[in-house]
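What follows is a short report on a single structure.
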Amino acid sequence: MSVITTALAGVVFGLALAAPPGPMNAIIAEESVVRGWNAGFRAGLGAMLADVCFFVLALAGVVAVIDRYPAVRPALYLVGGLLMLYFAIGAVDEARNAASFTDADGDRGVSRGFRKTFALSLTNPYQIGFWLTVGVGLLEAGSLDVLAHVPGIGTALEGALVVQTGSPALLVGFFAGIAIWIAAYPAAMVAAGRRVDAFAPLVAALSAAVLAGFGVLFLAIGALRVV
C-alpha cells in the first residue's frame, strides 16, 4: 500500500476505535455541553494522551510486563470501576445544576475532564489489552485486519481493510484519526446543544448513567476475577 493509503487506513482505524459509545465519550459529551468545546476537547486529549503513553510503553516493551502479574488485571477493573462510579456522582450533580445549554454558562465551574479521562484510560483494562495485542501489532512488520478490531461489529467487517503494519504512516494516521474525533465530537455536541433547550442536563444525566453502568460492570468483573 502507498504511504497515503496506509495513513488513511490509520485514520479510519483511529476513528473506528474512538467513536463507539463508552465512558470516555460520555465524559467528553458532558464536558462539551456543560462547559463548551474547549472543555470537551481537553477531555478528549486526556484519553489520547493515555494512548500515547501506552504507545511509548509498548514500543519499549514495558506494557507486556502486565501479563506477567495475574493480579494486575482484576485490580485495574476494581480501580477503574470505582473511578467511574465517583465520576458518575459528579455527572449527577452537573445534571442537577445545568439548567440548559447557553454560551454564557459554557465555562461554568472548573473543567476536570482531562484528568478524568486520563485517569480512567490509565486504569482501563480494555485499553491496556488493546496495546498488549493490536497495539503491539501496529508496531511490528506484518499485516493487520483493521476493521476486525472495531468494538461490537468487528466480526462483520473482517477482511474489509487489511493494511501493512510497522509503518510510521499507519501510526501517524491512527493518532490523527483519534485527534479528528476528539475535535469533531465536542463540536457536534456544542452545535446540538445550541438547538435543543435543556440539552446540557440531559447529556450530563446520560453521562452519569453510562459511567455508573460501566463502573458496576468493571467492579463485577474485577470481583469475579479476584474470586
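By order in the C-alpha cells, chains are A, B, ...; within a chain, residues start at 1; ligands start at 1, following the order shown.
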task = Can you pull out every residue within 6 Å of segment 115-132 of chain A, counting only C-alpha atoms, but drop anything in the same chain fewer than 2 positions away, and send it as a PyMOL selection string?
result = chain A and resi 24+46-47+50+76+80+112-113+134-136
message = Neighbouring residues of Gly10 of chain A were defined as those with any atom within 8 Å, considering only C-alpha atoms; residues of the same chain fewer than 6 positions away were excluded. Please report them as a list in words.
response = Ala169, Leu170, Leu171, Val172, Gly173, Phe174, Phe175, Ala176 and Gly177 of chain A
Dump C-alpha atoms for the selected residues as a PDB file, in the first residue's frame?
ATOM      1  CA  ALA A 169       2.393   6.399   8.260  1.00  0.00           C
ATOM      2  CA  LEU A 170      -0.080   3.953   9.819  1.00  0.00           C
ATOM      3  CA  LEU A 171       0.723   5.151  13.347  1.00  0.00           C
ATOM      4  CA  VAL A 172       0.514   8.824  12.358  1.00  0.00           C
ATOM      5  CA  GLY A 173      -2.829   8.170  10.694  1.00  0.00           C
ATOM      6  CA  PHE A 174      -4.073   6.245  13.743  1.00  0.00           C
ATOM      7  CA  PHE A 175      -3.440   9.115  16.154  1.00  0.00           C
ATOM      8  CA  ALA A 176      -4.692  11.623  13.567  1.00  0.00           C
ATOM      9  CA  GLY A 177      -7.992   9.720  13.474  1.00  0.00           C
TER      10      GLY A 177
END
task = With a distance cut-off of 10 Å and only C-alpha atoms, select the neighbouring residues of Tyr86 of chain A, excluding the residue or stretch itself and same-chain residues fewer than 3 positions from it, and output the selection as number ranges by chain.
result = A: 80-83, 89-91, 208, 211-212, 215
Residues just named, written with all heavy atoms as a PDB file, in the first residue's frame:
ATOM      1  N   GLY A  80     -10.697   1.068  38.204  1.00  0.00           N
ATOM      2  CA  GLY A  80     -11.429   1.746  37.144  1.00  0.00           C
ATOM      3  C   GLY A  80     -12.913   1.846  37.450  1.00  0.00           C
ATOM      4  O   GLY A  80     -13.544   2.880  37.206  1.00  0.00           O
ATOM      5  N   GLY A  81     -13.493   0.766  37.999  1.00  0.00           N
ATOM      6  CA  GLY A  81     -14.908   0.785  38.342  1.00  0.00           C
ATOM      7  C   GLY A  81     -15.224   1.817  39.413  1.00  0.00           C
ATOM      8  O   GLY A  81     -16.223   2.541  39.315  1.00  0.00           O
ATOM      9  N   LEU A  82     -14.378   1.898  40.433  1.00  0.00           N
ATOM     10  CA  LEU A  82     -14.586   2.892  41.493  1.00  0.00           C
ATOM     11  C   LEU A  82     -14.467   4.318  40.955  1.00  0.00           C
ATOM     12  O   LEU A  82     -15.259   5.200  41.323  1.00  0.00           O
ATOM     13  CB  LEU A  82     -13.573   2.666  42.622  1.00  0.00           C
ATOM     14  CG  LEU A  82     -13.786   1.409  43.476  1.00  0.00           C
ATOM     15  CD1 LEU A  82     -12.618   1.210  44.433  1.00  0.00           C
ATOM     16  CD2 LEU A  82     -15.101   1.509  44.248  1.00  0.00           C
ATOM     17  N   LEU A  83     -13.492   4.543  40.078  1.00  0.00           N
ATOM     18  CA  LEU A  83     -13.347   5.873  39.476  1.00  0.00           C
ATOM     19  C   LEU A  83     -14.588   6.253  38.668  1.00  0.00           C
ATOM     20  O   LEU A  83     -15.064   7.391  38.734  1.00  0.00           O
ATOM     21  CB  LEU A  83     -12.106   5.909  38.577  1.00  0.00           C
ATOM     22  CG  LEU A  83     -10.749   6.104  39.256  1.00  0.00           C
ATOM     23  CD1 LEU A  83      -9.626   5.988  38.230  1.00  0.00           C
ATOM     24  CD2 LEU A  83     -10.682   7.461  39.958  1.00  0.00           C
ATOM     25  N   ILE A  89     -21.148  10.250  40.022  1.00  0.00           N
ATOM     26  CA  ILE A  89     -21.765  11.122  41.039  1.00  0.00           C
ATOM     27  C   ILE A  89     -21.591  12.581  40.637  1.00  0.00           C
ATOM     28  O   ILE A  89     -22.516  13.395  40.758  1.00  0.00           O
ATOM     29  CB  ILE A  89     -21.132  10.860  42.419  1.00  0.00           C
ATOM     30  CG1 ILE A  89     -21.466   9.444  42.888  1.00  0.00           C
ATOM     31  CG2 ILE A  89     -21.621  11.892  43.439  1.00  0.00           C
ATOM     32  CD1 ILE A  89     -20.736   9.029  44.151  1.00  0.00           C
ATOM     33  N   GLY A  90     -20.388  12.926  40.134  1.00  0.00           N
ATOM     34  CA  GLY A  90     -20.159  14.291  39.665  1.00  0.00           C
ATOM     35  C   GLY A  90     -21.057  14.644  38.495  1.00  0.00           C
ATOM     36  O   GLY A  90     -21.553  15.776  38.392  1.00  0.00           O
ATOM     37  N   ALA A  91     -21.295  13.685  37.611  1.00  0.00           N
ATOM     38  CA  ALA A  91     -22.165  13.927  36.459  1.00  0.00           C
ATOM     39  C   ALA A  91     -23.610  14.152  36.896  1.00  0.00           C
ATOM     40  O   ALA A  91     -24.344  14.934  36.284  1.00  0.00           O
ATOM     41  CB  ALA A  91     -22.086  12.752  35.491  1.00  0.00           C
ATOM     42  N   ALA A 208     -23.837  10.270  33.397  1.00  0.00           N
ATOM     43  CA  ALA A 208     -23.851   9.624  34.717  1.00  0.00           C
ATOM     44  C   ALA A 208     -24.301   8.173  34.595  1.00  0.00           C
ATOM     45  O   ALA A 208     -23.724   7.276  35.223  1.00  0.00           O
ATOM     46  CB  ALA A 208     -24.775  10.390  35.659  1.00  0.00           C
ATOM     47  N   LEU A 211     -21.461   6.071  32.907  1.00  0.00           N
ATOM     48  CA  LEU A 211     -20.347   5.874  33.830  1.00  0.00           C
ATOM     49  C   LEU A 211     -20.724   4.906  34.952  1.00  0.00           C
ATOM     50  O   LEU A 211     -19.929   4.036  35.323  1.00  0.00           O
ATOM     51  CB  LEU A 211     -19.909   7.219  34.419  1.00  0.00           C
ATOM     52  CG  LEU A 211     -19.177   8.151  33.450  1.00  0.00           C
ATOM     53  CD1 LEU A 211     -19.039   9.541  34.067  1.00  0.00           C
ATOM     54  CD2 LEU A 211     -17.810   7.591  33.105  1.00  0.00           C
ATOM     55  N   ALA A 212     -21.938   5.061  35.478  1.00  0.00           N
ATOM     56  CA  ALA A 212     -22.385   4.159  36.554  1.00  0.00           C
ATOM     57  C   ALA A 212     -22.498   2.730  36.043  1.00  0.00           C
ATOM     58  O   ALA A 212     -22.085   1.778  36.725  1.00  0.00           O
ATOM     59  CB  ALA A 212     -23.724   4.634  37.102  1.00  0.00           C
ATOM     60  N   GLY A 215     -19.094   1.388  35.532  1.00  0.00           N
ATOM     61  CA  GLY A 215     -18.461   1.241  36.840  1.00  0.00           C
ATOM     62  C   GLY A 215     -18.888  -0.048  37.526  1.00  0.00           C
ATOM     63  O   GLY A 215     -18.059  -0.800  38.048  1.00  0.00           O
TER      64      GLY A 215
END
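We find atom CA of Trp181 of chain A and atom CA of Val33 of chain A to be spaced 16.0 Å apart.
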message = With only C-alpha atoms as the counted atoms, please give the residues lying no more than 10 Å from segment 203-207 of chain A, apart from itself and same-chain residues fewer than 6 positions off, as a PyMOL selection string.
response = chain A and resi 22-34+87-98+189+193+213
Got time to write the residues from that selection, C-alpha atoms, as an mmCIF file, in the first residue's frame?
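Here's the written file result-v4.cif:
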data_model
loop_
_atom_site.group_PDB
_atom_site.id
_atom_site.type_symbol
_atom_site.label_atom_id
_atom_site.label_comp_id
_atom_site.auth_asym_id
_atom_site.auth_seq_id
_atom_site.Cartn_x
_atom_site.Cartn_y
_atom_site.Cartn_z
ATOM 1 C CA GLY A 22 -18.367 4.368 26.283
ATOM 2 C CA PRO A 23 -17.197 6.113 29.466
ATOM 3 C CA MET A 24 -14.633 8.334 27.684
ATOM 4 C CA ASN A 25 -17.121 9.667 25.146
ATOM 5 C CA ALA A 26 -19.664 10.129 27.944
ATOM 6 C CA ILE A 27 -17.246 12.442 29.763
ATOM 7 C CA ILE A 28 -16.330 14.276 26.550
ATOM 8 C CA ALA A 29 -20.028 14.845 25.803
ATOM 9 C CA GLU A 30 -20.751 16.066 29.329
ATOM 10 C CA GLU A 31 -17.817 18.492 29.329
ATOM 11 C CA SER A 32 -18.748 19.773 25.858
ATOM 12 C CA VAL A 33 -22.387 20.622 26.549
ATOM 13 C CA VAL A 34 -21.840 21.931 30.079
ATOM 14 C CA PHE A 87 -17.250 10.462 38.242
ATOM 15 C CA ALA A 88 -20.873 9.354 37.786
ATOM 16 C CA ILE A 89 -21.765 11.122 41.039
ATOM 17 C CA GLY A 90 -20.159 14.291 39.665
ATOM 18 C CA ALA A 91 -22.165 13.927 36.459
ATOM 19 C CA VAL A 92 -25.369 13.665 38.500
ATOM 20 C CA ASP A 93 -24.504 16.987 40.171
ATOM 21 C CA GLU A 94 -23.899 18.505 36.733
ATOM 22 C CA ALA A 95 -27.303 17.265 35.564
ATOM 23 C CA ARG A 96 -28.995 18.907 38.550
ATOM 24 C CA ASN A 97 -27.187 22.229 38.254
ATOM 25 C CA ALA A 98 -27.211 22.763 34.484
ATOM 26 C CA MET A 189 -22.275 18.230 20.939
ATOM 27 C CA GLY A 193 -26.830 21.921 22.446
ATOM 28 C CA GLY A 213 -23.187 1.238 34.275
#
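Candidate residues A:Tyr77, A:Tyr185, A:Phe114, A:Trp37 were compared for distance to Ala220 of chain A, and the nearest is A:Tyr77, using only C-alpha atoms.
One distance worth recording is that between atom CA of Arg68 of chain A and atom CA of Ala223 of chain A, which is 19.7 Å.
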Top pick for closest residue to Leu138 of chain A, considering A:Ser111, A:Asn38, A:Thr6, A:Ser167 and counting only C-alpha atoms = A:Ser167
query = Between A:Ala160, A:Leu139, A:Ile178, A:Ala75, which one has atoms that come closest to Phe13 of chain A, using only C-alpha atoms?
reply = A:Ile178
ask   = Tell me, which residues of segment 31-224 of chain A carry DSSP strand (DSSP E or B), written as a ChimeraX atom specification?
value = /A:142-145,162-165
request  = Could you please determine the separation between atom CA of Leu78 of chain A and atom CA of Leu219 of chain A in Å, to one decimal place?
outcome  = 4.9 Å
